[in-house]
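Text of protein-v9.pdb (PDB, C-alpha atoms) as supplied:
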```pdb
ATOM      1  CA  MET X   1       9.392 -13.108  18.984
ATOM      2  CA  ALA X   2       9.100  -9.782  17.248
ATOM      3  CA  PRO X   3       9.116  -9.976  13.454
ATOM      4  CA  ASP X   4       9.907  -6.851  11.465
ATOM      5  CA  LEU X   5       7.527  -5.803   8.751
ATOM      6  CA  ALA X   6       8.701  -5.808   5.141
ATOM      7  CA  GLY X   7      10.530  -2.545   4.601
ATOM      8  CA  PHE X   8      11.515  -2.103   8.260
ATOM      9  CA  GLY X   9      14.558  -3.095  10.290
ATOM     10  CA  HIS X  10      16.697  -5.778   8.690
ATOM     11  CA  THR X  11      13.833  -7.543   6.930
ATOM     12  CA  VAL X  12      14.378  -8.158   3.236
ATOM     13  CA  THR X  13      12.085  -5.888   1.279
ATOM     14  CA  PRO X  14      10.512  -7.097  -1.934
ATOM     15  CA  PRO X  15      10.394  -4.595  -4.803
ATOM     16  CA  ARG X  16       7.252  -2.462  -4.944
ATOM     17  CA  SER X  17       6.387  -4.185  -8.236
ATOM     18  CA  GLN X  18       6.169  -7.548  -6.406
ATOM     19  CA  PHE X  19       4.450  -6.561  -3.151
ATOM     20  CA  ASN X  20       1.531  -4.277  -2.395
ATOM     21  CA  PHE X  21       2.749  -2.248   0.604
ATOM     22  CA  THR X  22      -0.546  -1.781   2.425
ATOM     23  CA  PHE X  23      -1.470  -2.495   6.011
ATOM     24  CA  ASP X  24      -3.752  -5.275   4.752
ATOM     25  CA  SER X  25      -0.886  -6.946   2.861
ATOM     26  CA  LEU X  26       1.453  -6.642   5.839
ATOM     27  CA  PHE X  27      -1.270  -8.112   8.065
ATOM     28  CA  GLN X  28      -1.527 -11.120   5.737
ATOM     29  CA  VAL X  29       2.224 -11.712   6.064
ATOM     30  CA  ILE X  30       2.143 -11.500   9.869
ATOM     31  CA  GLU X  31      -0.980 -13.662  10.033
ATOM     32  CA  GLY X  32       0.872 -16.246   7.938
ATOM     33  CA  PHE X  33       3.816 -15.989  10.339
ATOM     34  CA  THR X  34       1.605 -16.733  13.361
ATOM     35  CA  GLU X  35      -0.030 -19.624  11.541
ATOM     36  CA  ALA X  36       3.300 -21.093  10.395
ATOM     37  CA  LEU X  37       4.356 -21.140  14.047
ATOM     38  CA  ALA X  38       0.937 -22.508  15.090
ATOM     39  CA  LEU X  39       0.560 -19.742  17.684
ATOM     40  CA  LYS X  40      -2.710 -20.209  19.552
ATOM     41  CA  GLN X  41      -2.229 -17.343  22.022
ATOM     42  CA  TYR X  42      -0.041 -14.253  21.999
ATOM     43  CA  VAL X  43       0.407 -10.760  23.345
ATOM     44  CA  LEU X  44       0.656  -8.052  20.710
ATOM     45  CA  TYR X  45       3.197  -5.278  21.193
ATOM     46  CA  VAL X  46       2.342  -2.738  18.519
ATOM     47  CA  PHE X  47       4.423   0.288  17.635
ATOM     48  CA  ASP X  48       4.222   2.951  14.947
ATOM     49  CA  TYR X  49       3.373   1.421  11.545
ATOM     50  CA  GLY X  50       3.042  -2.008  13.153
ATOM     51  CA  ALA X  51      -0.005  -0.886  15.130
ATOM     52  CA  PRO X  52      -2.524  -1.020  12.248
ATOM     53  CA  VAL X  53      -1.093  -4.425  11.299
ATOM     54  CA  GLY X  54      -1.402  -5.753  14.843
ATOM     55  CA  TYR X  55      -4.905  -4.345  15.238
ATOM     56  CA  ARG X  56      -5.964  -6.164  12.081
ATOM     57  CA  LEU X  57      -4.538  -9.369  13.554
ATOM     58  CA  ALA X  58      -6.503  -8.771  16.786
ATOM     59  CA  VAL X  59      -9.740  -8.214  14.879
ATOM     60  CA  ALA X  60      -9.181 -11.330  12.764
ATOM     61  CA  HIS X  61      -8.273 -13.542  15.749
ATOM     62  CA  PRO X  62      -9.519 -11.990  19.007
ATOM     63  CA  GLU X  63      -9.534 -15.413  20.687
ATOM     64  CA  ARG X  64      -5.736 -15.591  20.363
ATOM     65  CA  VAL X  65      -4.907 -12.149  21.735
ATOM     66  CA  GLN X  66      -4.164 -12.178  25.462
ATOM     67  CA  ALA X  67      -3.211  -8.484  25.643
ATOM     68  CA  ILE X  68      -2.252  -5.542  23.469
ATOM     69  CA  ILE X  69       0.594  -3.236  24.423
ATOM     70  CA  SER X  70       0.646  -0.106  22.271
ATOM     71  CA  GLN X  71       3.476   2.389  22.012
ATOM     72  CA  ASN X  72       2.963   5.299  19.656
ATOM     73  CA  GLY X  73       0.508   3.374  17.502
ATOM     74  CA  ASN X  74      -2.386   5.174  15.822
ATOM     75  CA  ALA X  75      -5.618   3.307  15.315
ATOM     76  CA  TYR X  76      -7.232   6.246  13.553
ATOM     77  CA  THR X  77      -6.374   8.976  11.068
ATOM     78  CA  GLU X  78      -7.844  11.817  13.153
ATOM     79  CA  GLY X  79      -4.638  11.869  15.211
ATOM     80  CA  PHE X  80      -2.506  12.863  12.248
ATOM     81  CA  SER X  81      -1.365  16.478  12.079
ATOM     82  CA  ASP X  82      -1.139  18.584   8.921
ATOM     83  CA  THR X  83       2.442  17.318   8.623
ATOM     84  CA  TRP X  84       0.975  14.093   7.194
ATOM     85  CA  GLY X  85      -0.831  15.915   4.352
ATOM     86  CA  SER X  86       1.454  14.803   1.529
ATOM     87  CA  TRP X  87       1.472  11.228   2.852
ATOM     88  CA  GLU X  88      -2.317  11.097   3.103
ATOM     89  CA  THR X  89      -2.547  12.327  -0.479
ATOM     90  CA  TYR X  90      -0.097   9.611  -1.530
ATOM     91  CA  TRP X  91      -2.009   6.891   0.384
ATOM     92  CA  HIS X  92      -5.160   7.731  -1.544
ATOM     93  CA  SER X  93      -3.444   8.382  -4.868
ATOM     94  CA  PRO X  94      -0.078   6.552  -5.016
ATOM     95  CA  THR X  95       1.364   8.270  -8.071
ATOM     96  CA  SER X  96       5.042   9.000  -8.665
ATOM     97  CA  GLU X  97       4.292  12.718  -8.401
ATOM     98  CA  ASN X  98       2.621  12.304  -5.006
ATOM     99  CA  ARG X  99       5.445  10.025  -3.834
ATOM    100  CA  GLU X 100       7.969  12.748  -4.710
ATOM    101  CA  LYS X 101       6.108  15.171  -2.430
ATOM    102  CA  CYS X 102       6.845  12.861   0.534
ATOM    103  CA  ARG X 103      10.594  12.832  -0.013
ATOM    104  CA  ASP X 104      11.431  15.770   2.275
ATOM    105  CA  SER X 105      10.026  13.893   5.262
ATOM    106  CA  LEU X 106      12.569  11.104   4.700
ATOM    107  CA  THR X 107      15.754  13.205   4.734
ATOM    108  CA  PRO X 108      18.309  12.684   7.512
ATOM    109  CA  GLU X 109      17.650  16.222   8.750
ATOM    110  CA  THR X 110      13.906  15.671   9.045
ATOM    111  CA  ILE X 111      14.321  12.277  10.688
ATOM    112  CA  ARG X 112      16.704  13.722  13.268
ATOM    113  CA  ASN X 113      15.204  17.171  13.825
ATOM    114  CA  PHE X 114      11.483  16.435  13.590
ATOM    115  CA  GLN X 115      11.008  12.809  14.565
ATOM    116  CA  TYR X 116      13.566  12.743  17.389
ATOM    117  CA  LEU X 117      14.473  16.255  18.514
ATOM    118  CA  HIS X 118      11.290  18.289  17.969
ATOM    119  CA  GLY X 119      10.060  19.391  21.389
ATOM    120  CA  SER X 120      12.961  17.690  23.187
ATOM    121  CA  ASP X 121      16.136  18.816  24.855
ATOM    122  CA  ALA X 122      18.657  17.627  22.229
ATOM    123  CA  SER X 123      21.313  17.069  24.902
ATOM    124  CA  LEU X 124      19.085  14.373  26.438
ATOM    125  CA  VAL X 125      18.438  12.466  23.189
ATOM    126  CA  SER X 126      20.873   9.704  22.332
ATOM    127  CA  PRO X 127      21.963   9.853  18.693
ATOM    128  CA  ASP X 128      21.675   6.052  18.472
ATOM    129  CA  GLY X 129      17.984   6.030  17.539
ATOM    130  CA  TYR X 130      18.044   8.644  14.829
ATOM    131  CA  SER X 131      21.401   7.442  13.480
ATOM    132  CA  LEU X 132      19.977   3.950  13.051
ATOM    133  CA  ASP X 133      16.788   5.265  11.421
ATOM    134  CA  ILE X 134      18.840   7.443   9.062
ATOM    135  CA  ALA X 135      20.992   4.435   8.127
ATOM    136  CA  TYR X 136      17.885   2.318   7.451
ATOM    137  CA  MET X 137      16.338   5.058   5.320
ATOM    138  CA  SER X 138      19.585   5.445   3.356
ATOM    139  CA  ARG X 139      19.400   1.893   1.993
ATOM    140  CA  PRO X 140      18.626   1.852  -1.747
ATOM    141  CA  GLU X 141      15.412  -0.139  -1.270
ATOM    142  CA  ALA X 142      14.169   2.404   1.300
ATOM    143  CA  ARG X 143      14.835   5.564  -0.679
ATOM    144  CA  ASN X 144      11.436   5.429  -2.339
ATOM    145  CA  PRO X 145       8.540   5.856   0.067
ATOM    146  CA  THR X 146       6.336   2.803   0.127
ATOM    147  CA  ARG X 147       2.573   2.860   0.059
ATOM    148  CA  PHE X 148       0.787   2.386   3.354
ATOM    149  CA  ASP X 149      -2.973   2.685   3.359
ATOM    150  CA  PRO X 150      -4.433   3.622   6.742
TER     151      PRO X 150
END
```

Once more with this new file: its structure as structure tokens, please.
Amino acid sequence: MAPDLAGFGHTVTPPRSQFNFTFDSLFQVIEGFTEALALKQYVLYVFDYGAPVGYRLAVAHPERVQAIISQNGNAYTEGFSDTWGSWETYWHSPTSENREKCRDSLTPETIRNFQYLHGSDASLVSPDGYSLDIAYMSRPEARNPTRFDP
């Protein structure tokens, strides 16, 4: 089982006014998911924004975690480059003005050229991944960056 987090994949996303989009809030949802299924043991596969959520689950219930598999999942902020500057500002001060400054990082061009093609031979990168990400980010509920506190 691999549940999506609210705001990712095909998961229904509540409006920002009804859900506090922080790693702690997302952890509470996933913790509730594991409890609803009465999971006593599991292996965590953490990726990208799911990593801080999974790590919170591991800290809360270390006796349940049999292994952690991490792919591209930061557990620290020191690994962020200067590219994250506007996002870090927004995390600490989630104003509309600071949210606007993040918008360029969510354009189709940035998703394709920075997230997928930067440092890669473009002829070797399937367009499937970035096309899907661009489609997800084009949904009306995804057009406004959500708040994620590291």

With a distance cut-off of 8 Å and all atoms listed in the file, select the neighbouring residues of X:Leu44, excluding the residue or stretch itself and same-chain residues fewer than 4 positions from it, and output the selection as number ranges by chain.
X: 54, 65-69

If the PyMOL selection byres ((chain X and resi 105-107) around 9) is run on the structure shown, which residues does it catch, given as a PyMOL selection string?
chain X and resi 83+101-104+108-112+114+134+137-138+143+145

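One finds atom CA of X:Leu26 at 6.8 Å from atom CA of X:Leu5.
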
Tell me which of X:Met1, X:Arg64, X:Ala6, X:Pro14 sits closest to X:Gln41, counting only C-alpha atoms.
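Using only C-alpha atoms, X:Gln41 sits closest to X:Arg64.
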
Would you compute the distance between atom CA of X:Leu39 and atom CA of X:Ser70? Give it in Å to one decimal.
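Atom CA of X:Ser70 lies 20.2 Å from atom CA of X:Leu39.
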
Quick one: pull the distance between atom CA of X:Ile30 and atom CA of X:Leu57, Å, one decimal.
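We find that atom CA of X:Ile30 and atom CA of X:Leu57 lie 7.9 Å from each other.
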
Identify which of the residues X:Leu37, X:Val46, X:Ala2, X:Val53 lies closest to X:Ser25, counting all atoms listed in the file when measuring atom-to-atom distances.
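With all atoms listed in the file as the atom set, the closest residue is X:Val53.
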
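Counting only C-alpha atoms and comparing X:Ser93, X:Pro3, X:Ser120, X:Glu88, the residue that lies closest to X:Gly32 is X:Pro3.
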
What does the PyMOL selection byres ((chain X and resi 8) around 10) select in this file, as a list in words?
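Output from the PyMOL selection byres ((chain X and resi 8) around 10), applied to this file: Pro3, Asp4, Leu5, Ala6, Gly7, Gly9, His10, Thr11, Val12, Thr13, Tyr49, Gly50, Asp133, Tyr136, Met137 and Ala142 of chain X.
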
Would you mind completing stretch 50-61 of chain X so that it carries all heavy atoms, and writing it out as an mmCIF file, keeping the file's coordinate frame?
```
data_model
loop_
_atom_site.group_PDB
_atom_site.id
_atom_site.type_symbol
_atom_site.label_atom_id
_atom_site.label_comp_id
_atom_site.auth_asym_id
_atom_site.auth_seq_id
_atom_site.Cartn_x
_atom_site.Cartn_y
_atom_site.Cartn_z
ATOM 1 N N GLY X 50 3.478 -0.658 12.812
ATOM 2 C CA GLY X 50 3.042 -2.008 13.153
ATOM 3 C C GLY X 50 1.693 -2.044 13.848
ATOM 4 O O GLY X 50 1.040 -3.082 13.876
ATOM 5 N N ALA X 51 1.265 -0.905 14.400
ATOM 6 C CA ALA X 51 -0.005 -0.886 15.130
ATOM 7 C C ALA X 51 -1.191 -1.261 14.239
ATOM 8 O O ALA X 51 -1.961 -2.163 14.604
ATOM 9 C CB ALA X 51 -0.215 0.475 15.791
ATOM 10 N N PRO X 52 -1.376 -0.630 13.084
ATOM 11 C CA PRO X 52 -2.524 -1.020 12.248
ATOM 12 C C PRO X 52 -2.453 -2.481 11.773
ATOM 13 O O PRO X 52 -3.482 -3.103 11.546
ATOM 14 C CB PRO X 52 -2.451 -0.056 11.060
ATOM 15 C CG PRO X 52 -1.669 1.105 11.556
ATOM 16 C CD PRO X 52 -0.694 0.535 12.536
ATOM 17 N N VAL X 53 -1.245 -3.017 11.675
ATOM 18 C CA VAL X 53 -1.093 -4.425 11.299
ATOM 19 C C VAL X 53 -1.529 -5.307 12.465
ATOM 20 O O VAL X 53 -2.315 -6.242 12.300
ATOM 21 C CB VAL X 53 0.372 -4.724 10.892
ATOM 22 C CG1 VAL X 53 0.566 -6.209 10.595
ATOM 23 C CG2 VAL X 53 0.779 -3.875 9.691
ATOM 24 N N GLY X 54 -1.035 -4.987 13.654
ATOM 25 C CA GLY X 54 -1.402 -5.753 14.843
ATOM 26 C C GLY X 54 -2.883 -5.672 15.156
ATOM 27 O O GLY X 54 -3.502 -6.668 15.554
ATOM 28 N N TYR X 55 -3.470 -4.492 14.981
ATOM 29 C CA TYR X 55 -4.905 -4.345 15.238
ATOM 30 C C TYR X 55 -5.720 -5.190 14.270
ATOM 31 O O TYR X 55 -6.744 -5.766 14.644
ATOM 32 C CB TYR X 55 -5.331 -2.882 15.157
ATOM 33 C CG TYR X 55 -4.672 -1.999 16.195
ATOM 34 C CD1 TYR X 55 -4.389 -0.672 15.917
ATOM 35 C CD2 TYR X 55 -4.312 -2.481 17.451
ATOM 36 C CE1 TYR X 55 -3.791 0.145 16.850
ATOM 37 C CE2 TYR X 55 -3.705 -1.667 18.396
ATOM 38 C CZ TYR X 55 -3.447 -0.357 18.093
ATOM 39 O OH TYR X 55 -2.847 0.455 19.020
ATOM 40 N N ARG X 56 -5.280 -5.294 13.037
ATOM 41 C CA ARG X 56 -5.964 -6.164 12.081
ATOM 42 C C ARG X 56 -5.881 -7.632 12.530
ATOM 43 O O ARG X 56 -6.834 -8.387 12.391
ATOM 44 C CB ARG X 56 -5.368 -5.990 10.676
ATOM 45 C CG ARG X 56 -5.855 -4.736 9.958
ATOM 46 C CD ARG X 56 -5.006 -4.452 8.710
ATOM 47 N NE ARG X 56 -5.557 -3.420 7.865
ATOM 48 C CZ ARG X 56 -5.494 -2.118 8.112
ATOM 49 N NH1 ARG X 56 -4.919 -1.676 9.218
ATOM 50 N NH2 ARG X 56 -6.014 -1.242 7.266
ATOM 51 N N LEU X 57 -4.714 -8.007 13.061
ATOM 52 C CA LEU X 57 -4.538 -9.369 13.554
ATOM 53 C C LEU X 57 -5.476 -9.622 14.742
ATOM 54 O O LEU X 57 -6.096 -10.688 14.836
ATOM 55 C CB LEU X 57 -3.082 -9.584 13.969
ATOM 56 C CG LEU X 57 -2.636 -11.000 14.271
ATOM 57 C CD1 LEU X 57 -2.791 -11.906 13.064
ATOM 58 C CD2 LEU X 57 -1.199 -11.002 14.756
ATOM 59 N N ALA X 58 -5.618 -8.636 15.625
ATOM 60 C CA ALA X 58 -6.503 -8.771 16.786
ATOM 61 C C ALA X 58 -7.963 -8.896 16.362
ATOM 62 O O ALA X 58 -8.717 -9.681 16.946
ATOM 63 C CB ALA X 58 -6.325 -7.586 17.723
ATOM 64 N N VAL X 59 -8.355 -8.139 15.360
ATOM 65 C CA VAL X 59 -9.740 -8.214 14.879
ATOM 66 C C VAL X 59 -10.002 -9.568 14.206
ATOM 67 O O VAL X 59 -11.054 -10.169 14.392
ATOM 68 C CB VAL X 59 -10.043 -7.047 13.907
ATOM 69 C CG1 VAL X 59 -11.356 -7.264 13.174
ATOM 70 C CG2 VAL X 59 -10.058 -5.721 14.664
ATOM 71 N N ALA X 60 -9.019 -10.053 13.465
ATOM 72 C CA ALA X 60 -9.181 -11.330 12.764
ATOM 73 C C ALA X 60 -9.179 -12.524 13.719
ATOM 74 O O ALA X 60 -9.852 -13.520 13.462
ATOM 75 C CB ALA X 60 -8.081 -11.497 11.718
ATOM 76 N N HIS X 61 -8.427 -12.410 14.826
ATOM 77 C CA HIS X 61 -8.273 -13.542 15.749
ATOM 78 C C HIS X 61 -8.338 -13.083 17.205
ATOM 79 O O HIS X 61 -7.380 -13.270 17.965
ATOM 80 C CB HIS X 61 -6.938 -14.256 15.489
ATOM 81 C CG HIS X 61 -6.771 -14.717 14.082
ATOM 82 N ND1 HIS X 61 -7.469 -15.794 13.559
ATOM 83 C CD2 HIS X 61 -6.016 -14.233 13.065
ATOM 84 C CE1 HIS X 61 -7.136 -15.955 12.289
ATOM 85 N NE2 HIS X 61 -6.266 -15.023 11.962
#
```
